[in-house]
file coords-v8.csv (CSV, C-alpha atoms)
chain,number,residue,atom,x,y,z
A,1,LYS,CA,9.6,-3.6,22.3
A,2,GLU,CA,11.8,-4.1,25.4
A,3,ILE,CA,15.0,-3.6,23.2
A,4,GLY,CA,13.6,-0.6,21.3
A,5,PHE,CA,12.3,-2.7,18.4
A,6,LYS,CA,9.1,-0.9,17.1
A,7,GLU,CA,6.6,-1.4,14.4
A,8,PRO,CA,8.0,0.0,11.2
A,9,ASP,CA,6.5,3.0,9.4
A,10,PHE,CA,4.3,1.9,6.5
A,11,ILE,CA,5.0,4.4,3.7
A,12,TYR,CA,4.4,3.6,0.1
A,13,ASN,CA,3.4,5.3,-3.2
A,14,ASP,CA,3.8,2.5,-5.8
A,15,ARG,CA,4.0,-1.3,-5.9
A,16,LYS,CA,7.8,-1.3,-5.2
A,17,SER,CA,7.5,0.8,-2.1
A,18,PHE,CA,4.4,-1.2,-1.0
A,19,ILE,CA,6.4,-4.4,-1.3
A,20,VAL,CA,9.1,-2.9,0.9
A,21,ALA,CA,6.6,-1.7,3.5
A,22,VAL,CA,4.9,-5.1,3.8
A,23,SER,CA,8.3,-6.8,3.9
A,24,LYS,CA,9.5,-4.6,6.7
A,25,CYS,CA,6.3,-5.3,8.6
A,26,MET,CA,6.7,-9.1,8.0
A,27,ASP,CA,10.3,-9.0,9.2
A,28,TYR,CA,9.2,-7.1,12.4
A,29,ILE,CA,6.4,-9.6,13.1
A,30,ASN,CA,8.4,-12.7,12.2
A,31,PHE,CA,11.2,-11.6,14.5
A,32,THR,CA,8.7,-11.8,17.4
A,33,LEU,CA,7.3,-15.2,16.5
A,34,GLU,CA,8.6,-18.7,17.3
A,35,LYS,CA,10.4,-20.1,14.3
A,36,GLU,CA,7.8,-22.7,13.7
A,37,LYS,CA,5.0,-20.1,13.5
A,38,ARG,CA,6.7,-17.9,10.9
A,39,ILE,CA,5.2,-17.5,7.5
A,40,PRO,CA,7.1,-16.9,4.3
A,41,ARG,CA,7.3,-13.2,3.6
A,42,SER,CA,6.8,-13.7,-0.1
A,43,MET,CA,3.5,-15.4,0.4
A,44,VAL,CA,2.0,-12.6,2.7
A,45,VAL,CA,3.4,-9.9,0.5
A,46,ALA,CA,1.8,-11.5,-2.6
A,47,MET,CA,-1.5,-11.8,-0.7
A,48,ALA,CA,-1.3,-8.1,0.3
A,49,ILE,CA,-0.6,-7.1,-3.3
A,50,ILE,CA,-3.6,-9.0,-4.6
A,51,GLU,CA,-6.1,-8.4,-1.7
A,52,SER,CA,-5.5,-4.6,-1.4
A,53,ALA,CA,-4.5,-3.7,-5.0
A,54,ASP,CA,-1.1,-2.5,-3.8
A,55,GLY,CA,-2.6,-0.8,-0.8
A,56,THR,CA,-5.0,1.3,-2.8
A,57,SER,CA,-8.3,-0.5,-2.0
A,58,ARG,CA,-10.9,1.3,0.1
A,59,PHE,CA,-10.4,-1.2,2.9
A,60,ALA,CA,-6.6,-0.7,2.9
A,61,VAL,CA,-6.8,3.1,2.8
A,62,GLU,CA,-9.7,3.7,5.2
A,63,GLY,CA,-9.4,0.7,7.4
A,64,ASN,CA,-5.7,-0.3,7.2
A,65,ASN,CA,-6.9,-3.8,6.2
A,66,LEU,CA,-4.6,-5.2,3.5
A,67,PHE,CA,-6.3,-8.6,3.3
A,68,GLY,CA,-10.1,-8.1,3.5
A,69,ILE,CA,-10.2,-9.7,6.9
A,70,ARG,CA,-13.8,-9.9,8.0
A,71,THR,CA,-15.5,-9.8,11.4
A,72,TRP,CA,-19.0,-10.7,12.5
A,73,ASP,CA,-18.6,-9.0,15.9
A,74,ASP,CA,-20.6,-5.8,16.0
A,75,ASN,CA,-18.3,-4.5,18.7
A,76,THR,CA,-15.3,-4.7,16.5
A,77,PRO,CA,-14.5,-1.6,14.4
A,78,GLN,CA,-15.4,-2.4,10.8
A,79,MET,CA,-16.4,-1.1,7.4
A,80,LYS,CA,-19.3,-2.5,5.4
A,81,PRO,CA,-18.8,-3.3,1.8
A,82,LYS,CA,-20.2,-0.7,-0.6
A,83,GLY,CA,-23.6,-1.8,-1.9
A,84,ILE,CA,-24.2,-4.1,1.2
A,85,PRO,CA,-24.7,-1.7,4.1
A,86,ASN,CA,-26.7,-4.3,6.0
A,87,ALA,CA,-24.2,-7.1,5.6
A,88,LYS,CA,-24.0,-9.4,8.6
A,89,PHE,CA,-20.2,-9.1,8.5
A,90,GLY,CA,-17.9,-6.2,8.2
A,91,VAL,CA,-14.3,-5.8,7.0
A,92,LYS,CA,-12.3,-5.2,10.1
A,93,LYS,CA,-10.6,-1.9,10.7
A,94,PHE,CA,-7.0,-1.8,12.1
A,95,ASP,CA,-5.0,0.9,13.8
A,96,SER,CA,-2.2,0.2,11.3
A,97,LYS,CA,-1.5,-1.7,8.2
A,98,CYS,CA,1.2,-3.7,10.1
A,99,GLU,CA,-1.5,-4.7,12.5
A,100,SER,CA,-3.5,-6.3,9.7
A,101,VAL,CA,-0.4,-8.2,8.6
A,102,GLY,CA,-0.1,-9.5,12.2
A,103,GLU,CA,-3.8,-10.6,12.1
A,104,VAL,CA,-3.4,-12.5,8.8
A,105,ILE,CA,-0.4,-14.4,10.4
A,106,LYS,CA,-2.5,-15.2,13.5
A,107,ILE,CA,-5.4,-16.5,11.2
A,108,LEU,CA,-3.1,-18.7,9.2
A,109,ASN,CA,-1.5,-20.0,12.3
A,110,ARG,CA,-4.8,-20.8,14.1
A,111,HIS,CA,-7.8,-21.2,11.9
A,112,PRO,CA,-8.8,-24.8,11.1
A,113,ALA,CA,-9.3,-23.9,7.4
A,114,TYR,CA,-5.5,-23.5,7.1
A,115,GLU,CA,-4.4,-26.8,8.6
A,116,LYS,CA,-3.0,-27.9,5.2
A,117,PHE,CA,-0.9,-24.8,5.1
A,118,ARG,CA,0.5,-25.5,8.6
A,119,THR,CA,1.2,-29.2,7.7
A,120,ALA,CA,3.1,-28.2,4.6
A,121,ARG,CA,5.1,-25.7,6.6
A,122,THR,CA,6.0,-28.3,9.2
A,123,ASN,CA,6.7,-31.2,6.9
A,124,LYS,CA,8.6,-29.7,4.0
A,125,ARG,CA,9.0,-25.9,4.3
A,126,ASP,CA,7.8,-26.0,0.7
A,127,ILE,CA,6.3,-22.7,-0.2
A,128,ASN,CA,4.2,-24.1,-3.1
A,129,GLY,CA,2.7,-26.6,-0.7
A,130,MET,CA,2.1,-23.9,1.9
A,131,ILE,CA,0.3,-21.7,-0.7
A,132,ASP,CA,-1.8,-24.6,-1.8
A,133,GLY,CA,-2.9,-24.8,1.8
A,134,ILE,CA,-4.6,-21.3,1.8
A,135,THR,CA,-7.3,-22.0,-0.8
A,136,ALA,CA,-10.0,-21.1,1.8
A,137,TRP,CA,-8.8,-17.5,1.8
A,138,SER,CA,-10.6,-16.7,-1.4
A,139,THR,CA,-13.6,-17.9,-3.4
A,140,ASN,CA,-11.6,-17.5,-6.6
A,141,ASN,CA,-10.5,-21.1,-7.5
A,142,GLN,CA,-7.4,-19.7,-9.1
A,143,TYR,CA,-6.3,-17.8,-6.0
A,144,THR,CA,-3.2,-20.0,-5.2
A,145,THR,CA,-2.1,-19.8,-8.8
A,146,ILE,CA,-2.4,-16.0,-8.7
A,147,ILE,CA,-0.4,-15.8,-5.5
A,148,LYS,CA,2.4,-18.0,-7.0
A,149,GLN,CA,2.4,-15.9,-10.2
A,150,THR,CA,2.5,-12.7,-8.2
A,151,ILE,CA,5.6,-14.0,-6.3
A,152,LEU,CA,7.3,-14.8,-9.6
A,153,ASP,CA,6.3,-11.6,-11.3
A,154,ASN,CA,7.6,-9.5,-8.5
A,155,LYS,CA,10.7,-11.6,-7.7
A,156,LEU,CA,9.5,-12.0,-4.1
A,157,PHE,CA,11.4,-15.3,-3.5

call {"tool": "encode", "arguments": {"input": "coords-v8.csv", "output": "structure tokens"}}
result
Amino acid sequence: KEIGFKEPDFIYNDRKSFIVAVSKCMDYINFTLEKEKRIPRSMVVAMAIIESADGTSRFAVEGNNLFGIRTWDDNTPQMKPKGIPNAKFGVKKFDSKCESVGEVIKILNRHPAYEKFRTARTNKRDINGMIDGITAWSTNNQYTTIIKQTILDNKLF
């Protein structure tokens, strides 16, 4: 920010422009992180594609949340899932979509559930090993396979 570097605009209207928008956001955030805390752009872009249906999900559109990031803090701005208005959790609302990208990076860098991801990143810088380390993100036991296929299908490597 001190050198005039600002969060990029997040403009999209299809998958291709959505990928460009998430990629710009990733580049912006990774530029501000220590090298060892950076996360492969392709992995986060694939997660955003899957989790937000290319930015078209209700949580993405109304809450700027591309990843379904939850909160259990009633003081945090949030949205309740449709059909579960009394859920004990909410899906966190963000001021910008780029802010949700930053939050997913913080979660992957800190949360104990993603220790295998961080170990793979440190030891090998092997993206497949890193992706295998994020199984806790989804209850779908095919999640990591879907992420890898999304990377291939969209030539995100």

call {"tool": "residues_near_point", "arguments": {"input": "coords-v8.csv", "point": "(-12.9, -22.5, 5.0)", "cutoff": "10 Å", "atoms": "all atoms listed in the file", "output": "number ranges by chain"}}
result
A: 111-114, 134-139

call {"tool": "write_last_selection", "arguments": {"input": "coords-v8.csv", "atoms": "C-alpha atoms", "output": "PDB file, in the frame of the given file"}}
result
ATOM      1  CA  HIS A 111      -7.800 -21.200  11.900  1.00  0.00           C
ATOM      2  CA  PRO A 112      -8.800 -24.800  11.100  1.00  0.00           C
ATOM      3  CA  ALA A 113      -9.300 -23.900   7.400  1.00  0.00           C
ATOM      4  CA  TYR A 114      -5.500 -23.500   7.100  1.00  0.00           C
ATOM      5  CA  ILE A 134      -4.600 -21.300   1.800  1.00  0.00           C
ATOM      6  CA  THR A 135      -7.300 -22.000  -0.800  1.00  0.00           C
ATOM      7  CA  ALA A 136     -10.000 -21.100   1.800  1.00  0.00           C
ATOM      8  CA  TRP A 137      -8.800 -17.500   1.800  1.00  0.00           C
ATOM      9  CA  SER A 138     -10.600 -16.700  -1.400  1.00  0.00           C
ATOM     10  CA  THR A 139     -13.600 -17.900  -3.400  1.00  0.00           C
TER      11      THR A 139
END

call {"tool": "closest_residue", "arguments": {"input": "coords-v8.csv", "among": "A:Phe18, A:Asn64, A:Cys98, A:Gln78", "to": "Asn30 of chain A", "atoms": "all atoms listed in the file"}}
result
A:Cys98

call {"tool": "atom_distance", "arguments": {"input": "coords-v8.csv", "atom1": "atom CA of Asp14 of chain A", "atom2": "atom CA of Gly68 of chain A"}}
result
19.8 Å

call {"tool": "closest_residue", "arguments": {"input": "coords-v8.csv", "among": "A:Phe89, A:Gly102, A:Lys155, A:Ser57", "to": "Tyr28 of chain A", "atoms": "all atoms listed in the file"}}
result
A:Gly102

call {"tool": "residues_around", "arguments": {"input": "coords-v8.csv", "residues": "Gly133 of chain A", "least_positions_apart": "5", "cutoff": "8 Å", "atoms": "all atoms listed in the file", "output": "list in words"}}
result
Tyr114, Glu115, Lys116, Phe117, Arg118 and Ala120 of chain A

call {"tool": "write_last_selection", "arguments": {"input": "coords-v8.csv", "atoms": "C-alpha atoms", "output": "PDB file, keeping the file's coordinate frame"}}
result
ATOM      1  CA  TYR A 114      -5.500 -23.500   7.100  1.00  0.00           C
ATOM      2  CA  GLU A 115      -4.400 -26.800   8.600  1.00  0.00           C
ATOM      3  CA  LYS A 116      -3.000 -27.900   5.200  1.00  0.00           C
ATOM      4  CA  PHE A 117      -0.900 -24.800   5.100  1.00  0.00           C
ATOM      5  CA  ARG A 118       0.500 -25.500   8.600  1.00  0.00           C
ATOM      6  CA  ALA A 120       3.100 -28.200   4.600  1.00  0.00           C
TER       7      ALA A 120
END
